[in-house]
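Enquirer: Pasting a structure below so you can have a look.
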2 protein chains.
Amino acid sequence: MAAAANTEPGGPSAQGVAATKRADAVFEDLQARIFRGELPIGSRLPPERELAAEYDITRNTLRESIRALEQERLVTVRQGQGVTVADFRRTGRLTLLAPFLEHGASPAERVQVLLDALQARSAVLQLAISVAVERAQPEDMVRLEAAGQAQKAAFRAHDPVVLGRGELAWMNALIDAAHSMTVRWIANSFLEVFEAIITRMPSLWVLDAGYADWIDDVLEAFQKGDGARAAELLDEYFKRTDASLRLLLSQILASEPGDTDE
Amino acid sequence: MAAAANTEPGGPSAQGVAATKRADAVFEDLQARIFRGELPIGSRLPPERELAAEYDITRNTLRESIRALEQERLVTVRQGQGVTVADFRRTGRLTLLAPFLEHGASPAERVQVLLDALQARSAVLQLAISVAVERAQPEDMVRLEAAGQAQKAAFRAHDPVVLGRGELAWMNALIDAAHSMTVRWIANSFLEVFEAIITRMPSLWVLDAGYADWIDDVLEAFQKGDGARAAELLDEYFKRTDASLRLLLSQILASEPGDTDE
DNA sequence: GACCTGAATTGGTTCAACCAGTTTAAATTG
DNA sequence: CAATTTAAACTGGTTGAACCAATTCAGGTC
């Protein structure tokens with residue numbers, strides 16, 4: 001028990017691990033094929049009857065997969081006309097972020113999306129801070145403080161997984177302190193990505209040497225109610241670590257020639 | 001043809017207008033019931049066989065609806081155990097924003113979410129600007145400039161629908177100029193909301209008197225490559241209009257006693 | 001060539017079983 | 001009587017075949 005403790009409630013659920021349901025498995029495969037460009041944008045999927053036969057499932061089951069694809073805006077479905085691959089790069093939504101980073105086609109594009117996502121993450125956390133400064137309750141402050149201290153302690157251990165989970169906990173505390181559904185909903189898509197990174201490529205979890213001090217500074221600014229200062233600190237820090245990550249990723253990109261991975 | 005011109009490609013698609021497919025209709029109804037709290041968080045939905053009978057559809061069709069709910073993280077489904085309403089306020093993602101604002105339970109909560117969404121929108125557009133300043137191509141600049149001028153012209157017409165669509169076009173131009181899938185994906189969920197507002201409650205489209213000048217200032221800062229200045233202008237402007245909107249919404253809230261609308 | 005017409009194609013829905021985890025309650029056992 | 005075992009019942013997951021309803025497209029008609 002307590003094997004893979006979830007950072008926060010609302011953890012595991014959908015497509016977390018390998019899909020057990022046939023419909024899920026087919027959904028993921030089709031999703032990956034679309035991301036890979038194997039099913040090009042604008043092209044039509046084979047008719048449901050054919051596709052079902054290909055995957056050796058019944059049409060009803062296949063339809064559930066298609067329904068999920070449609071919900072993610074990866075395809076558009078019209079009676080009599082077929083299922084068409086949508087221009088997801090343009091029409092997609094943030095829910096595609098994590099799956100795209102896992103199944104996306106070219107390494108170059110994945111790296112680009114990841115770097116953009118990091119910048120966006122910084123913006124989201126800055127938003128969270130500015131809202132949280134206005135709305136944080138005493139218990140939120142306690143939780144934030146605790147998460148920060150835990151991180152400072154864990155920092156000396158140099159374990160990327162522990163630190164990653166700790167930072168996730170810290171982010172969650174901050175997001176909860178904002179008491180904003182909108183902030184929580186935006187953040188969840190990013191947290192999904194970080195979950196995946198911690199689990200599958202912890203080496204990507206880059207931390208700056210000044211991490212411990214930084215935690216203190218942010219907490220202090222936050223407690224003073226100086227949201228602008230806290231946001232600024234956050235921005236600066238991320239600019240530094242993201243620069244390191246950029247370097248790291250370019251190295252990985254250079255060493256990994258082809259498209260294949262997994 | 002050209003009847004209800006879409007602002008941008010990637011327009012109509014899913015649940016735009018009243019669902020024609022039975023499965024979609026049921027999905028929307030269940031979604032609304034969950035938002036309304038009629039199906040409380042943590043409670044179990046009736047068994048599929050019963051629910052299908054209630055809606056007078058077949059189980060397979062109902063399952064497609066459930067699948068969509070699951071994809072939106074509104075329910076969790078486990079074999080042998082049933083379908084449980086998820087704590088969407090915590091586990092949901094940005095895709096819920098538009099539907100929640102349309103079907104959400106208490107007017108007070110809807111207003112709160114809308115105001116938070118506006119602040120988030122500002123943050124997202126600031127992000128878009130800061131990225132766009134780095135990546136905008138000449139054609140992006142042309143498009144932005146054109147959209148801005150069109151808005152200045154339309155401003156004198158005082159037609160909220162035209163102005164709303166124009167501002168949507170302007171935002172789209174900016175988002176495209178960022179050349180970032182992440183930015184586009186975040187923004188799409190917000191654009192969905194604005195689409196709905198323009199169509200259904202155009203009176204909410206508040207514009208400041210200084211709108212025309214503001215457009216000029218932002219464009220100028222942008223063209224100078226001063227992303228920080230442009231973002232700042234955007235933030236200031238939104239703070240002003242959002243304050244007006246806050247007032248307007250509180251009035252509407254006061255005049256509309258019950259939960260019912262539509 | 002423009003216009004109907006109807007078959008073929010494709011998704012949408014229905015029905016009726018059966019399979020597979022979970023839960024519950026009865027039966028068994030100590 | 002309490003703990004355990006067992007089997008029924010419930011719940012979602014999947015199947016297969018058939019029919020309905022838009023859309024497309026090929027032929028036929030004018």
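Ordering of the structure tokens sets the chain letters (A, B, ...), residue numbers begin anew at 1 in every chain, and ligands are numbered from 1 in the order given.
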Would you give me, as CSV, each residue of chain A having an atom within 9 Å of an atom of chain C, along with its shortest atom pair and that distance in Å to one decimal, using only C-alpha atoms (C1' of nucleotides) and sorting by chain and residue number?
Expert:
residue,atom,partner,partner_atom,distance
A:Pro47,CA,C:DT10,C1',6.7
A:Glu48,CA,C:DG11,C1',7.9
A:Val77,CA,C:DG11,C1',7.8
A:Arg78,CA,C:DG11,C1',6.6
A:Gln79,CA,C:DG11,C1',4.1
A:Gly80,CA,C:DT10,C1',4.2
A:Gln81,CA,C:DT10,C1',5.7
A:Gly82,CA,C:DT10,C1',5.7
A:Val83,CA,C:DG11,C1',8.5
Enquirer: Excluding same-chain residues fewer than 4 positions from Leu127 of chain B, what lies within 7 Å of it counting only C-alpha atoms (C1' of nucleotides), as a PyMOL selection string?
Expert: (chain A and resi 123) or (chain B and resi 123+131)
Enquirer: Write the selection just made, keeping C-alpha atoms, as a CSV table (one decimal), in the first residue's frame?
Expert:
chain,number,residue,atom,x,y,z
A,123,ALA,CA,2.7,33.0,-16.3
B,123,ALA,CA,-2.7,37.1,-18.2
B,131,VAL,CA,5.9,35.6,-27.0
Enquirer: Would you work out the distance separating atom CA of Glu64 of chain A from atom CA of Ala23 of chain A, expressed in Å to one decimal?
Expert: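 If I compute the distance from atom CA of Glu64 of chain A to atom CA of Ala23 of chain A, I get 6.2 Å.
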Enquirer: What are the closest atom pairs, with distances in Å to one decimal, for all residues of chain B lying within 9 Å of chain A? Consider only C-alpha atoms, order rows by chain and residue number, and present the result as a tab-separated table.
Expert:
residue	atom	partner	partner_atom	distance
B:Pro9	CA	A:Thr91	CA	8.3
B:Gly10	CA	A:Thr91	CA	5.5
B:Gly11	CA	A:Thr91	CA	8.1
B:Ser13	CA	A:Thr76	CA	7.0
B:Ala14	CA	A:Gln71	CA	7.8
B:Asn60	CA	A:Asn60	CA	6.8
B:Thr61	CA	A:Asn60	CA	8.7
B:Arg63	CA	A:Glu64	CA	7.5
B:Glu64	CA	A:Glu64	CA	5.5
B:Ser65	CA	A:Arg67	CA	8.4
B:Arg67	CA	A:Glu64	CA	6.5
B:Ala68	CA	A:Ala68	CA	6.1
B:Glu70	CA	A:Ala14	CA	7.9
B:Gln71	CA	A:Ala68	CA	6.4
B:Glu72	CA	A:Gln71	CA	8.0
B:Arg73	CA	A:Ala14	CA	8.1
B:Thr76	CA	A:Ser13	CA	7.0
B:Val77	CA	A:Ser13	CA	8.8
B:Ala86	CA	A:Gly10	CA	8.3
B:Asp87	CA	A:Gly10	CA	7.6
B:Phe88	CA	A:Trp185	CA	9.0
B:Arg89	CA	A:Met181	CA	5.9
B:Arg90	CA	A:Arg184	CA	6.6
B:Thr91	CA	A:Gly10	CA	5.6
B:Gly92	CA	A:Trp185	CA	5.5
B:Arg93	CA	A:Trp185	CA	4.1
B:Leu94	CA	A:Trp185	CA	4.8
B:Thr95	CA	A:Arg93	CA	7.2
B:Leu96	CA	A:Trp185	CA	8.1
B:Leu97	CA	A:Thr182	CA	7.3
B:Gln112	CA	A:Ser180	CA	8.5
B:Val113	CA	A:Thr182	CA	6.5
B:Leu114	CA	A:Thr182	CA	8.6
B:Asp116	CA	A:Thr182	CA	6.3
B:Ala117	CA	A:Thr182	CA	6.0
B:Gln119	CA	A:Leu127	CA	8.3
B:Ala120	CA	A:Leu127	CA	7.1
B:Ala123	CA	A:Leu127	CA	6.8
B:Val124	CA	A:Ala123	CA	7.7
B:Gln126	CA	A:Ala123	CA	8.8
B:Leu127	CA	A:Ala123	CA	6.8
B:Val131	CA	A:Asp116	CA	8.9
B:Asp176	CA	A:Arg90	CA	8.9
B:Ser180	CA	A:Asp116	CA	6.9
B:Met181	CA	A:Arg89	CA	5.9
B:Thr182	CA	A:Ala117	CA	6.0
B:Val183	CA	A:Ala120	CA	7.4
B:Arg184	CA	A:Arg90	CA	6.6
B:Trp185	CA	A:Arg93	CA	4.1
B:Ile186	CA	A:Leu94	CA	5.3
B:Ala187	CA	A:Arg93	CA	7.9
B:Asn188	CA	A:Arg93	CA	6.1
B:Ser189	CA	A:Arg93	CA	6.6
Enquirer: Write out, as a PDB file, in the first residue's frame, the residues just selected, with C-alpha atoms.
Expert:
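Done, and the output landed in again.pdb:
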ATOM      1  CA  PRO B   9     -11.149  28.681 -38.984  1.00  0.00           C
ATOM      2  CA  GLY B  10     -11.769  26.060 -36.414  1.00  0.00           C
ATOM      3  CA  GLY B  11     -15.060  27.622 -35.580  1.00  0.00           C
ATOM      4  CA  SER B  13     -17.901  22.131 -34.306  1.00  0.00           C
ATOM      5  CA  ALA B  14     -18.976  20.432 -31.124  1.00  0.00           C
ATOM      6  CA  ASN B  60     -24.725   2.007 -26.198  1.00  0.00           C
ATOM      7  CA  THR B  61     -25.808   5.532 -26.978  1.00  0.00           C
ATOM      8  CA  ARG B  63     -22.304   5.102 -22.995  1.00  0.00           C
ATOM      9  CA  GLU B  64     -21.100   7.578 -25.586  1.00  0.00           C
ATOM     10  CA  SER B  65     -22.460  10.370 -23.423  1.00  0.00           C
ATOM     11  CA  ARG B  67     -17.539   8.641 -22.275  1.00  0.00           C
ATOM     12  CA  ALA B  68     -17.669  12.342 -23.038  1.00  0.00           C
ATOM     13  CA  GLU B  70     -15.374  11.060 -18.417  1.00  0.00           C
ATOM     14  CA  GLN B  71     -13.193  12.830 -20.955  1.00  0.00           C
ATOM     15  CA  GLU B  72     -14.140  16.134 -19.340  1.00  0.00           C
ATOM     16  CA  ARG B  73     -13.243  14.719 -15.936  1.00  0.00           C
ATOM     17  CA  THR B  76     -15.019   8.624 -13.069  1.00  0.00           C
ATOM     18  CA  VAL B  77     -16.077   5.240 -14.332  1.00  0.00           C
ATOM     19  CA  ALA B  86     -16.006  13.838  -9.863  1.00  0.00           C
ATOM     20  CA  ASP B  87     -14.962  16.876  -7.871  1.00  0.00           C
ATOM     21  CA  PHE B  88     -14.717  18.912 -11.030  1.00  0.00           C
ATOM     22  CA  ARG B  89     -14.013  22.159  -9.227  1.00  0.00           C
ATOM     23  CA  ARG B  90     -10.715  20.622  -8.275  1.00  0.00           C
ATOM     24  CA  THR B  91      -9.962  18.100 -10.997  1.00  0.00           C
ATOM     25  CA  GLY B  92     -11.514  19.864 -13.966  1.00  0.00           C
ATOM     26  CA  ARG B  93      -9.659  21.537 -16.764  1.00  0.00           C
ATOM     27  CA  LEU B  94     -10.080  24.684 -18.730  1.00  0.00           C
ATOM     28  CA  THR B  95     -12.411  23.013 -21.207  1.00  0.00           C
ATOM     29  CA  LEU B  96     -15.115  23.236 -18.537  1.00  0.00           C
ATOM     30  CA  LEU B  97     -14.982  27.012 -18.495  1.00  0.00           C
ATOM     31  CA  GLN B 112     -17.080  34.766  -9.746  1.00  0.00           C
ATOM     32  CA  VAL B 113     -15.769  32.362 -12.364  1.00  0.00           C
ATOM     33  CA  LEU B 114     -16.376  34.865 -15.112  1.00  0.00           C
ATOM     34  CA  ASP B 116     -11.595  35.206 -12.578  1.00  0.00           C
ATOM     35  CA  ALA B 117     -11.645  34.136 -16.182  1.00  0.00           C
ATOM     36  CA  GLN B 119      -8.265  38.216 -15.136  1.00  0.00           C
ATOM     37  CA  ALA B 120      -6.826  34.983 -16.485  1.00  0.00           C
ATOM     38  CA  ALA B 123      -2.662  37.084 -18.160  1.00  0.00           C
ATOM     39  CA  VAL B 124      -2.906  34.844 -21.211  1.00  0.00           C
ATOM     40  CA  GLN B 126       0.061  39.265 -21.810  1.00  0.00           C
ATOM     41  CA  LEU B 127       1.810  35.967 -22.307  1.00  0.00           C
ATOM     42  CA  VAL B 131       5.917  35.647 -26.985  1.00  0.00           C
ATOM     43  CA  ASP B 176      -1.367  33.547 -34.005  1.00  0.00           C
ATOM     44  CA  SER B 180       2.896  28.903 -29.957  1.00  0.00           C
ATOM     45  CA  MET B 181       0.619  25.893 -29.749  1.00  0.00           C
ATOM     46  CA  THR B 182       0.529  26.215 -25.996  1.00  0.00           C
ATOM     47  CA  VAL B 183      -0.654  29.796 -26.135  1.00  0.00           C
ATOM     48  CA  ARG B 184      -3.233  28.927 -28.767  1.00  0.00           C
ATOM     49  CA  TRP B 185      -4.516  26.002 -26.729  1.00  0.00           C
ATOM     50  CA  ILE B 186      -4.873  28.017 -23.568  1.00  0.00           C
ATOM     51  CA  ALA B 187      -6.538  30.839 -25.415  1.00  0.00           C
ATOM     52  CA  ASN B 188      -9.076  28.668 -27.211  1.00  0.00           C
ATOM     53  CA  SER B 189     -10.952  27.898 -24.028  1.00  0.00           C
TER      54      SER B 189
END
Enquirer: So which residues touch segment 98-104 of chain B within 6 Å, counting only C-alpha atoms (C1' of nucleotides), skipping near sequence neighbours fewer than 4 positions away, as a PyMOL selection string?
Expert: chain B and resi 32+35-36+110+193
Enquirer: Just write the chosen residues, C-alpha atoms, as a PDB file, in the first residue's frame.
Expert:
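And here is the file that came out, again38.pdb:
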ATOM      1  CA  ALA B  32     -25.717  20.614 -16.674  1.00  0.00           C
ATOM      2  CA  PHE B  35     -22.935  21.653 -12.656  1.00  0.00           C
ATOM      3  CA  ARG B  36     -26.253  22.447 -11.020  1.00  0.00           C
ATOM      4  CA  ARG B 110     -20.860  31.979 -12.314  1.00  0.00           C
ATOM      5  CA  VAL B 193     -16.421  31.923 -23.670  1.00  0.00           C
TER       6      VAL B 193
END
Enquirer: Given only C-alpha atoms (C1' of nucleotides), how would the per-residue table for chain D near chain B read, listing every residue at most 8 Å away with its closest atom pair and distance in Å to one decimal, sorted by chain and number, as CSV?
Expert:
residue,atom,partner,partner_atom,distance
D:DC10,C1',B:Gly80,CA,7.4
D:DT11,C1',B:Gly80,CA,4.0
D:DG12,C1',B:Gln79,CA,4.2
D:DG13,C1',B:Gln79,CA,7.3
Enquirer: Could you pull out the strand (DSSP E) residues of segment 64-183 of chain B, going by DSSP on the backbone, and write them as a ChimeraX atom specification?
Expert: /B:75-78,82-85
Enquirer: For atom CA of Leu168 of chain A and atom CA of Phe222 of chain A, quote the distance in Å rounded to one decimal.
Expert: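 Value for the atom CA of Leu168 of chain A-atom CA of Phe222 of chain A distance: 18.1 Å.
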Enquirer: If DSSP is run on the backbone, what residues of segment 127-233 of chain A are alpha helix (DSSP H)? A reply as a PyMOL selection string would be ideal.
Expert: chain A and resi 127-135+138-155+160-177+181-200+211-223+227-233
Enquirer: Write to file, as a CSV table (one decimal), in the first residue's frame, the residues of the selection just made, with C-alpha atoms.
Expert:
chain,number,residue,atom,x,y,z
A,127,LEU,CA,-1.4,34.7,-11.9
A,128,ALA,CA,-2.0,32.3,-9.1
A,129,ILE,CA,0.3,34.3,-6.8
A,130,SER,CA,-1.4,37.6,-7.6
A,131,VAL,CA,-4.8,36.1,-6.9
A,132,ALA,CA,-3.6,34.2,-3.9
A,133,VAL,CA,-2.2,37.3,-2.3
A,134,GLU,CA,-5.7,38.7,-2.2
A,135,ARG,CA,-7.5,35.6,-1.1
A,138,PRO,CA,-4.4,31.5,7.3
A,139,GLU,CA,-4.5,27.8,6.6
A,140,ASP,CA,-3.3,28.4,3.1
A,141,MET,CA,-0.3,30.3,4.4
A,142,VAL,CA,0.5,27.5,6.8
A,143,ARG,CA,0.4,24.9,4.0
A,144,LEU,CA,2.5,27.0,1.7
A,145,GLU,CA,5.0,27.6,4.4
A,146,ALA,CA,5.2,23.9,5.2
A,147,ALA,CA,5.6,22.9,1.6
A,148,GLY,CA,8.3,25.5,1.2
A,149,GLN,CA,10.2,24.3,4.2
A,150,ALA,CA,9.8,20.7,3.1
A,151,GLN,CA,11.4,21.6,-0.2
A,152,LYS,CA,14.3,23.4,1.4
A,153,ALA,CA,15.0,20.2,3.4
A,154,ALA,CA,14.5,17.9,0.4
A,155,PHE,CA,16.8,20.2,-1.6
A,160,PRO,CA,14.9,14.8,-8.4
A,161,VAL,CA,11.8,12.7,-7.8
A,162,VAL,CA,11.4,13.9,-4.2
A,163,LEU,CA,12.0,17.4,-5.2
A,164,GLY,CA,9.7,17.1,-8.2
A,165,ARG,CA,6.9,15.9,-6.0
A,166,GLY,CA,7.6,18.5,-3.5
A,167,GLU,CA,7.5,21.3,-6.0
A,168,LEU,CA,4.2,19.8,-7.3
A,169,ALA,CA,2.9,20.0,-3.7
A,170,TRP,CA,4.1,23.5,-3.4
A,171,MET,CA,2.4,24.5,-6.7
A,172,ASN,CA,-0.8,22.9,-5.5
A,173,ALA,CA,-0.7,24.8,-2.3
A,174,LEU,CA,-0.3,28.0,-4.1
A,175,ILE,CA,-3.0,27.2,-6.6
A,176,ASP,CA,-5.4,26.2,-3.8
A,177,ALA,CA,-4.5,29.5,-2.0
A,181,MET,CA,-11.6,27.5,-10.2
A,182,THR,CA,-10.2,29.1,-13.3
A,183,VAL,CA,-6.7,29.1,-12.0
A,184,ARG,CA,-7.0,25.5,-10.8
A,185,TRP,CA,-8.4,24.4,-14.2
A,186,ILE,CA,-5.6,26.1,-16.2
A,187,ALA,CA,-3.0,24.7,-13.8
A,188,ASN,CA,-4.3,21.1,-13.9
A,189,SER,CA,-3.2,20.7,-17.5
A,190,PHE,CA,0.3,21.8,-16.6
A,191,LEU,CA,0.5,19.7,-13.5
A,192,GLU,CA,-0.4,16.7,-15.6
A,193,VAL,CA,2.7,17.3,-17.6
A,194,PHE,CA,4.9,17.7,-14.6
A,195,GLU,CA,3.5,14.5,-13.1
A,196,ALA,CA,4.6,12.7,-16.3
A,197,ILE,CA,8.0,14.3,-16.3
A,198,ILE,CA,8.7,13.4,-12.7
A,199,THR,CA,7.6,9.9,-13.2
A,200,ARG,CA,9.2,9.2,-16.6
A,211,TYR,CA,16.6,27.2,-4.9
A,212,ALA,CA,16.5,27.2,-1.1
A,213,ASP,CA,17.0,31.0,-0.8
A,214,TRP,CA,14.5,31.6,-3.5
A,215,ILE,CA,11.8,29.7,-1.6
A,216,ASP,CA,12.4,31.9,1.4
A,217,ASP,CA,12.3,35.0,-0.7
A,218,VAL,CA,9.0,34.1,-2.4
A,219,LEU,CA,7.4,33.1,0.9
A,220,GLU,CA,8.5,36.3,2.5
A,221,ALA,CA,7.2,38.5,-0.3
A,222,PHE,CA,4.0,36.5,-0.3
A,223,GLN,CA,3.4,36.9,3.4
A,227,GLY,CA,2.2,39.8,-4.9
A,228,ALA,CA,4.1,41.8,-7.6
A,229,ARG,CA,7.4,41.0,-5.9
A,230,ALA,CA,6.6,37.3,-5.5
A,231,ALA,CA,5.6,37.1,-9.1
A,232,GLU,CA,8.7,38.8,-10.2
A,233,LEU,CA,10.9,36.4,-8.2
Enquirer: Could you please determine the separation between atom CA of Leu234 of chain B and atom CA of Leu204 of chain B in Å, to one decimal place?
Expert: 18.9 Å
